[in-house]
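So this block is protein_26.cif, mmCIF, C-alpha atoms and all ligand atoms:
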```
data_upload
#
loop_
_atom_site.label_atom_id
_atom_site.label_comp_id
_atom_site.auth_asym_id
_atom_site.auth_seq_id
_atom_site.Cartn_x
_atom_site.Cartn_y
_atom_site.Cartn_z
CA MET L 1 95.93 116.72 106.02
CA SER L 2 99.40 117.40 104.69
CA VAL L 3 102.31 114.97 104.78
CA GLU L 4 104.46 116.20 107.68
CA ALA L 5 108.00 117.18 106.71
CA ARG L 6 110.68 114.64 107.56
CA SER L 7 114.34 114.99 106.84
CA ASP L 8 114.60 111.82 104.74
CA LYS L 9 111.53 112.64 102.62
CA HIS L 10 111.58 112.10 98.87
CA THR L 11 110.49 115.27 97.14
CA VAL L 12 109.55 116.29 93.62
CA HIS L 13 113.08 117.71 93.33
CA SER L 14 114.88 114.59 94.58
CA ILE L 15 112.80 112.40 92.26
CA ALA L 16 113.30 114.73 89.27
CA ALA L 17 117.06 114.60 89.94
CA LEU L 18 117.03 110.89 89.01
CA LYS L 19 116.67 111.87 85.32
CA GLY L 20 119.34 109.99 83.40
CA GLY L 21 120.59 108.22 86.56
CA ALA L 22 119.23 105.40 88.73
CA LYS L 23 115.93 103.93 87.56
CA LEU L 24 112.90 105.09 89.54
CA ALA L 25 110.72 102.36 91.07
CA ALA L 26 107.15 103.58 91.42
CA LEU L 27 104.04 101.75 92.62
CA THR L 28 100.40 102.49 93.29
CA ALA L 29 99.04 102.61 96.84
CA TYR L 30 95.43 102.98 97.89
CA ASP L 31 95.34 102.60 101.67
CA TYR L 32 97.31 102.86 104.91
CA PRO L 33 98.75 99.31 105.12
CA SER L 34 99.83 99.15 101.48
CA ALA L 35 101.45 102.60 101.70
CA ARG L 36 103.26 101.60 104.88
CA LEU L 37 104.47 98.27 103.50
CA LEU L 38 105.67 99.78 100.21
CA ASP L 39 107.39 102.59 102.08
CA GLU L 40 109.10 100.12 104.41
CA ALA L 41 110.29 98.26 101.28
CA GLY L 42 111.91 101.52 100.14
CA VAL L 43 109.70 102.52 97.19
CA PRO L 44 110.39 106.25 96.67
CA PHE L 45 107.28 107.15 94.59
CA LEU L 46 103.70 106.21 95.48
CA LEU L 47 100.73 107.04 93.31
CA VAL L 48 97.15 106.91 94.52
CA GLY L 49 96.06 105.89 91.04
CA ASP L 50 92.51 105.92 89.82
CA SER L 51 93.18 102.26 88.95
CA LEU L 52 91.71 101.92 92.44
CA GLY L 53 88.36 101.97 90.62
CA MET L 54 89.10 98.48 89.28
CA VAL L 55 91.50 96.85 91.74
CA VAL L 56 89.90 98.15 94.95
CA LEU L 57 86.36 99.33 94.23
CA GLY L 58 85.33 96.67 91.69
CA HIS L 59 84.34 98.98 88.82
CA PRO L 60 84.90 97.88 85.20
CA ASP L 61 87.11 100.91 84.38
CA THR L 62 88.46 104.15 85.87
CA THR L 63 85.65 106.41 84.64
CA HIS L 64 83.53 105.55 87.71
CA VAL L 65 86.06 106.93 90.19
CA THR L 66 84.97 110.16 91.89
CA LEU L 67 86.99 112.97 93.42
CA ASP L 68 85.60 111.94 96.82
CA ASP L 69 86.96 108.40 96.26
CA MET L 70 90.38 109.84 95.44
CA VAL L 71 90.36 112.16 98.47
CA HIS L 72 89.34 109.30 100.79
CA HIS L 73 92.14 106.99 99.57
CA THR L 74 94.76 109.76 99.39
CA ARG L 75 94.04 110.56 103.06
CA ALA L 76 94.54 106.90 103.99
CA VAL L 77 97.89 106.74 102.15
CA ALA L 78 99.06 110.03 103.67
CA ARG L 79 98.28 108.72 107.18
CA ALA L 80 101.19 106.28 106.70
CA ARG L 81 103.45 109.38 106.61
CA PRO L 82 105.61 107.72 103.96
CA ARG L 83 109.12 108.74 103.14
CA ALA L 84 108.01 108.23 99.52
CA LEU L 85 106.73 111.08 97.41
CA VAL L 86 102.93 110.71 97.26
CA GLY L 87 100.83 111.72 94.26
CA ALA L 88 97.19 111.31 93.34
CA ASP L 89 95.24 111.07 90.11
CA LEU L 90 92.72 113.69 89.13
CA PRO L 91 89.80 111.43 88.21
CA TYR L 92 87.69 111.40 85.04
CA ARG L 93 86.04 114.75 84.15
CA SER L 94 87.53 116.47 87.22
CA TYR L 95 89.84 118.65 85.10
CA ASP L 96 87.65 119.71 82.19
CA THR L 97 88.64 123.36 82.72
CA PRO L 98 91.68 125.03 84.33
CA ALA L 99 89.45 126.24 87.20
CA ASP L 100 88.14 122.69 87.82
CA ALA L 101 91.66 121.29 87.69
CA VAL L 102 92.94 123.75 90.29
CA ALA L 103 89.95 123.45 92.64
CA ASN L 104 89.96 119.64 92.53
CA ALA L 105 93.75 119.31 92.74
CA ARG L 106 93.64 121.50 95.86
CA ARG L 107 91.35 118.94 97.51
CA LEU L 108 93.85 116.18 96.71
CA VAL L 109 96.71 118.29 98.06
CA GLU L 110 94.73 118.97 101.26
CA ALA L 111 94.28 115.19 101.54
CA GLY L 112 98.06 114.69 101.39
CA ALA L 113 99.04 114.54 97.71
CA GLU L 114 102.36 116.18 96.94
CA PHE L 115 101.67 116.21 93.20
CA VAL L 116 98.73 115.42 90.96
CA LYS L 117 98.55 113.45 87.72
CA ALA L 118 96.10 113.76 84.86
CA GLU L 119 95.82 112.13 81.46
CA GLY L 120 96.48 113.94 78.18
CA GLY L 121 98.85 116.10 76.17
CA VAL L 122 98.48 119.52 74.54
CA GLU L 123 94.69 119.36 74.89
CA ILE L 124 95.03 119.76 78.68
CA LEU L 125 97.97 122.17 78.58
CA PRO L 126 95.88 125.11 79.92
CA GLN L 127 94.88 122.96 82.91
CA ILE L 128 98.51 121.88 83.49
CA LYS L 129 99.75 125.49 83.29
CA ALA L 130 97.07 126.62 85.74
CA LEU L 131 98.10 123.89 88.21
CA LEU L 132 101.79 124.72 87.92
CA ALA L 133 101.06 128.45 88.28
CA THR L 134 99.27 127.62 91.55
CA GLY L 135 102.37 125.76 92.75
CA ILE L 136 100.93 122.25 92.44
CA PRO L 137 103.53 119.88 90.91
CA PHE L 138 102.19 117.90 87.98
CA CYS L 139 102.94 114.44 86.58
CA GLY L 140 101.74 113.79 83.02
CA HIS L 141 100.25 110.62 81.59
CA LEU L 142 100.62 109.92 77.85
CA GLY L 143 100.06 106.90 75.62
CA MET L 144 97.13 104.68 76.44
CA LEU L 145 94.80 106.81 78.55
CA PRO L 146 92.53 104.60 80.69
CA GLN L 147 90.03 107.44 81.27
CA HIS L 148 89.43 107.52 77.49
CA VAL L 149 89.23 103.79 76.91
CA VAL L 150 85.41 103.66 76.99
CA GLU L 151 85.12 106.35 74.28
CA GLU L 152 87.80 104.49 72.25
CA GLY L 153 85.66 101.32 72.18
CA GLY L 154 86.80 99.63 75.40
CA LYS L 155 90.17 98.33 74.14
CA TYR L 156 93.50 99.06 75.89
CA ARG L 157 95.51 99.73 72.70
CA ILE L 158 99.27 100.21 72.33
CA LYS L 159 100.16 103.77 71.25
CA GLY L 160 102.88 105.14 68.97
CA ARG L 161 102.69 102.37 66.41
CA ASP L 162 102.46 104.61 63.34
CA GLU L 163 104.27 107.82 62.37
CA ASP L 164 101.29 109.99 63.25
CA GLY L 165 100.97 108.40 66.73
CA ARG L 166 104.71 108.75 67.34
CA ASN L 167 104.69 112.42 66.28
CA ARG L 168 101.74 113.22 68.54
CA LEU L 169 103.35 111.55 71.55
CA LEU L 170 106.63 113.39 70.98
CA ARG L 171 104.84 116.71 70.52
CA ASP L 172 102.86 116.15 73.75
CA ALA L 173 105.92 115.11 75.76
CA VAL L 174 107.96 118.10 74.58
CA ALA L 175 105.05 120.48 75.39
CA LEU L 176 104.64 119.00 78.89
CA GLU L 177 108.35 119.30 79.61
CA ALA L 178 108.42 122.90 78.36
CA ALA L 179 105.51 123.72 80.71
CA GLY L 180 107.52 122.47 83.71
CA VAL L 181 106.05 118.99 84.25
CA PHE L 182 108.53 117.02 86.41
CA ALA L 183 107.58 113.47 85.36
CA CYS L 184 105.33 111.70 82.91
CA VAL L 185 103.84 108.21 82.88
CA LEU L 186 104.10 106.54 79.46
CA GLU L 187 101.48 103.79 79.36
CA LEU L 188 101.48 101.13 76.63
CA VAL L 189 103.74 103.16 74.34
CA THR L 190 105.82 101.16 71.85
CA PRO L 191 109.30 100.71 73.41
CA PRO L 192 111.20 102.57 70.62
CA VAL L 193 108.91 105.60 70.94
CA ALA L 194 109.09 105.51 74.76
CA LEU L 195 112.90 105.49 74.46
CA GLU L 196 112.81 108.35 71.94
CA ILE L 197 110.63 110.42 74.30
CA THR L 198 112.95 109.64 77.23
CA GLN L 199 115.97 110.78 75.21
CA SER L 200 114.17 113.86 73.84
CA CYS L 201 113.33 115.15 77.33
CA SER L 202 116.34 116.40 79.27
CA ARG L 203 114.44 117.31 82.48
CA MET L 204 111.13 115.42 82.52
CA LEU L 205 111.43 111.93 83.99
CA THR L 206 109.60 109.24 82.00
CA ILE L 207 107.91 106.47 84.00
CA GLY L 208 106.92 103.53 81.85
CA ILE L 209 104.19 100.98 82.28
CA GLY L 210 104.08 98.34 79.56
CA SER L 211 106.38 100.58 77.47
CA GLY L 212 109.68 98.68 77.54
CA ASP L 213 112.89 99.27 79.46
CA GLY L 214 113.94 102.59 77.91
CA CYS L 215 112.15 104.88 80.39
CA ASP L 216 113.74 106.62 83.40
CA GLY L 217 111.61 104.52 85.74
CA GLN L 218 108.84 101.97 85.90
CA ILE L 219 105.45 102.03 87.60
CA LEU L 220 103.12 99.12 88.25
CA VAL L 221 99.69 98.70 89.78
CA THR L 222 100.72 97.06 93.08
CA PRO L 223 97.98 94.37 93.17
CA ASP L 224 99.25 93.22 89.73
CA LEU L 225 102.81 92.94 91.07
CA VAL L 226 101.87 91.01 94.20
CA GLY L 227 99.07 88.88 92.75
CA ALA L 228 96.41 90.54 94.91
CA PHE L 229 93.97 90.94 92.00
CA PRO L 230 94.31 87.44 90.55
CA TRP L 231 91.35 87.67 88.15
CA PHE L 232 93.31 89.82 85.69
CA THR L 233 97.04 90.35 85.20
CA PRO L 234 98.33 92.58 82.36
CA ARG L 235 100.55 90.75 79.89
CA PHE L 236 103.62 92.86 80.70
CA VAL L 237 103.54 92.03 84.46
CA THR L 238 105.20 89.01 86.07
CA PRO L 239 103.72 88.83 89.57
CA LYS L 240 106.35 88.50 92.29
CA ALA L 241 103.92 87.01 94.82
CA GLN L 242 100.59 85.19 94.88
CA THR L 243 98.83 87.20 97.57
CA GLY L 244 95.35 86.13 96.44
CA GLU L 245 96.32 82.47 96.76
CA THR L 246 97.97 83.10 100.14
CA ILE L 247 94.76 84.68 101.45
CA ARG L 248 92.60 81.81 100.18
CA TYR L 249 94.99 79.29 101.75
CA ALA L 250 95.16 81.10 105.11
CA VAL L 251 91.38 81.41 105.35
CA LYS L 252 90.78 77.73 104.44
CA ASP L 253 93.43 76.68 106.96
CA TRP L 254 91.74 78.70 109.70
CA MET L 255 88.34 77.24 108.78
CA ASN L 256 89.78 73.72 108.97
CA ASP L 257 91.20 74.52 112.42
CA LEU L 258 87.74 75.71 113.52
CA GLU L 259 86.11 72.49 112.34
CA LYS L 260 88.61 70.41 114.31
CA ARG L 261 87.93 72.26 117.57
O1 LIG L 301 95.80 104.76 87.89
C1 LIG L 301 96.93 104.24 87.89
O2 LIG L 301 97.22 103.32 88.65
C2 LIG L 301 97.91 104.75 86.95
C3 LIG L 301 99.16 103.96 86.79
C4 LIG L 301 98.88 102.82 85.90
C5 LIG L 301 100.25 104.78 86.28
O3 LIG L 301 97.69 105.74 86.33
#
```
Give the structure from this file in structure tokens form.
Amino acid sequence: MSVEARSDKHTVHSIAALKGGAKLAALTAYDYPSARLLDEAGVPFLLVGDSLGMVVLGHPDTTHVTLDDMVHHTRAVARARPRALVGADLPYRSYDTPADAVANARRLVEAGAEFVKAEGGVEILPQIKALLATGIPFCGHLGMLPQHVVEEGGKYRIKGRDEDGRNRLLRDAVALEAAGVFACVLELVTPPVALEITQSCSRMLTIGIGSGDGCDGQILVTPDLVGAFPWFTPRFVTPKAQTGETIRYAVKDWMNDLEKR
């Protein structure tokens, strides 16, 4: 399924044009109602993130998410026909080679993704170049890479703290921009380094998460923002709603009504 063209649609080009201008608000979406609600609220950028492994599927980390999971949820989001630009994550080990990256990204595009995202810098440059050569827009993901957290000992560590970390992040960001990547998530990058990357890239939009205010935009995992996954909230998120509590309250209220009947 492809997202049908509509005249007011946000595109990779309209989003990329925000570089240096208005801040981009980006959120994750995993299903039809959340995509529809976020779109109605005016969010211009929706990501079917592999965070769905934790906040929807109940896995301990993102390494359990399969390509079939991503295709299934991307289809559901695309069915909302959002005005927002819709992207999807290439899950763990689905882009080990350029051929894998292209074949698997094509499945996400068929499901309705208008761009794909994968984690890593120069080490996945051949995969990124192969995707771009095929005409599939690519969003990078640098800093803390959730798909690598298990191999790094299970800790979600802040990146760019020392000179070596800073240099690697800058090198990766510059290489991604030179390849033609239109946007890049910076996750848990120290705010000064995130700002430096943002200022060093004249075309590639930076989208921060837990990386301070210096990026071109911000992305959050929607259940964190609306309190729909109340068992864990990252330190850098202030929930704007208590959806979990609202659900518990509504269900108890209904059960009380039943008892009274
Ligand atoms: O999987 C995800 O939700 C993400 C965002 C945190 C950017 O990659």
### Query
Using only C-alpha atoms and all ligand atoms, what are the residues with an atom within 8 Å of ligand LIG 301 (chain L), set out as a ChimeraX atom specification?
/L:27-28,47-52,62,89,117,141,146,185,187,209,219-221
### Query
Suppose you want the space between atom CA of L:Gly154 and atom CA of L:Leu170; what is it in Å?
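Value for the atom CA of L:Gly154-atom CA of L:Leu170 distance: 24.5 Å.
Separating atom CA of L:Lys19 from atom CA of L:Gly212 is a distance of 16.8 Å.
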Using 6 Å of padding on each side, determine the axis-aligned box around all atoms of stretch 47-61 of chain L present in the file and give its centre and edge lengths in Å to one decimal, as AutoDock Vina command-line options.
```
--center_x 92.5 --center_y 101.9 --center_z 89.7 --size_x 28.4 --size_y 22.4 --size_z 22.6
```
#### Entry: Point (111.1, 115.7, 96.7), cut-off 10 Å, counting all atoms listed in the file, residues as a list of chain:residue names
L:Asp8, L:Lys9, L:His10, L:Thr11, L:Val12, L:His13, L:Ser14, L:Ile15, L:Ala16, L:Ala17, L:Pro44, L:Phe45, L:Arg83, L:Ala84, L:Leu85, L:Val86, L:Glu114
### 7 Å contact set for L:Phe182, all atoms listed in the file, chain neighbours under 5 positions out, as a ChimeraX atom specification
/L:16,138-139,204-205
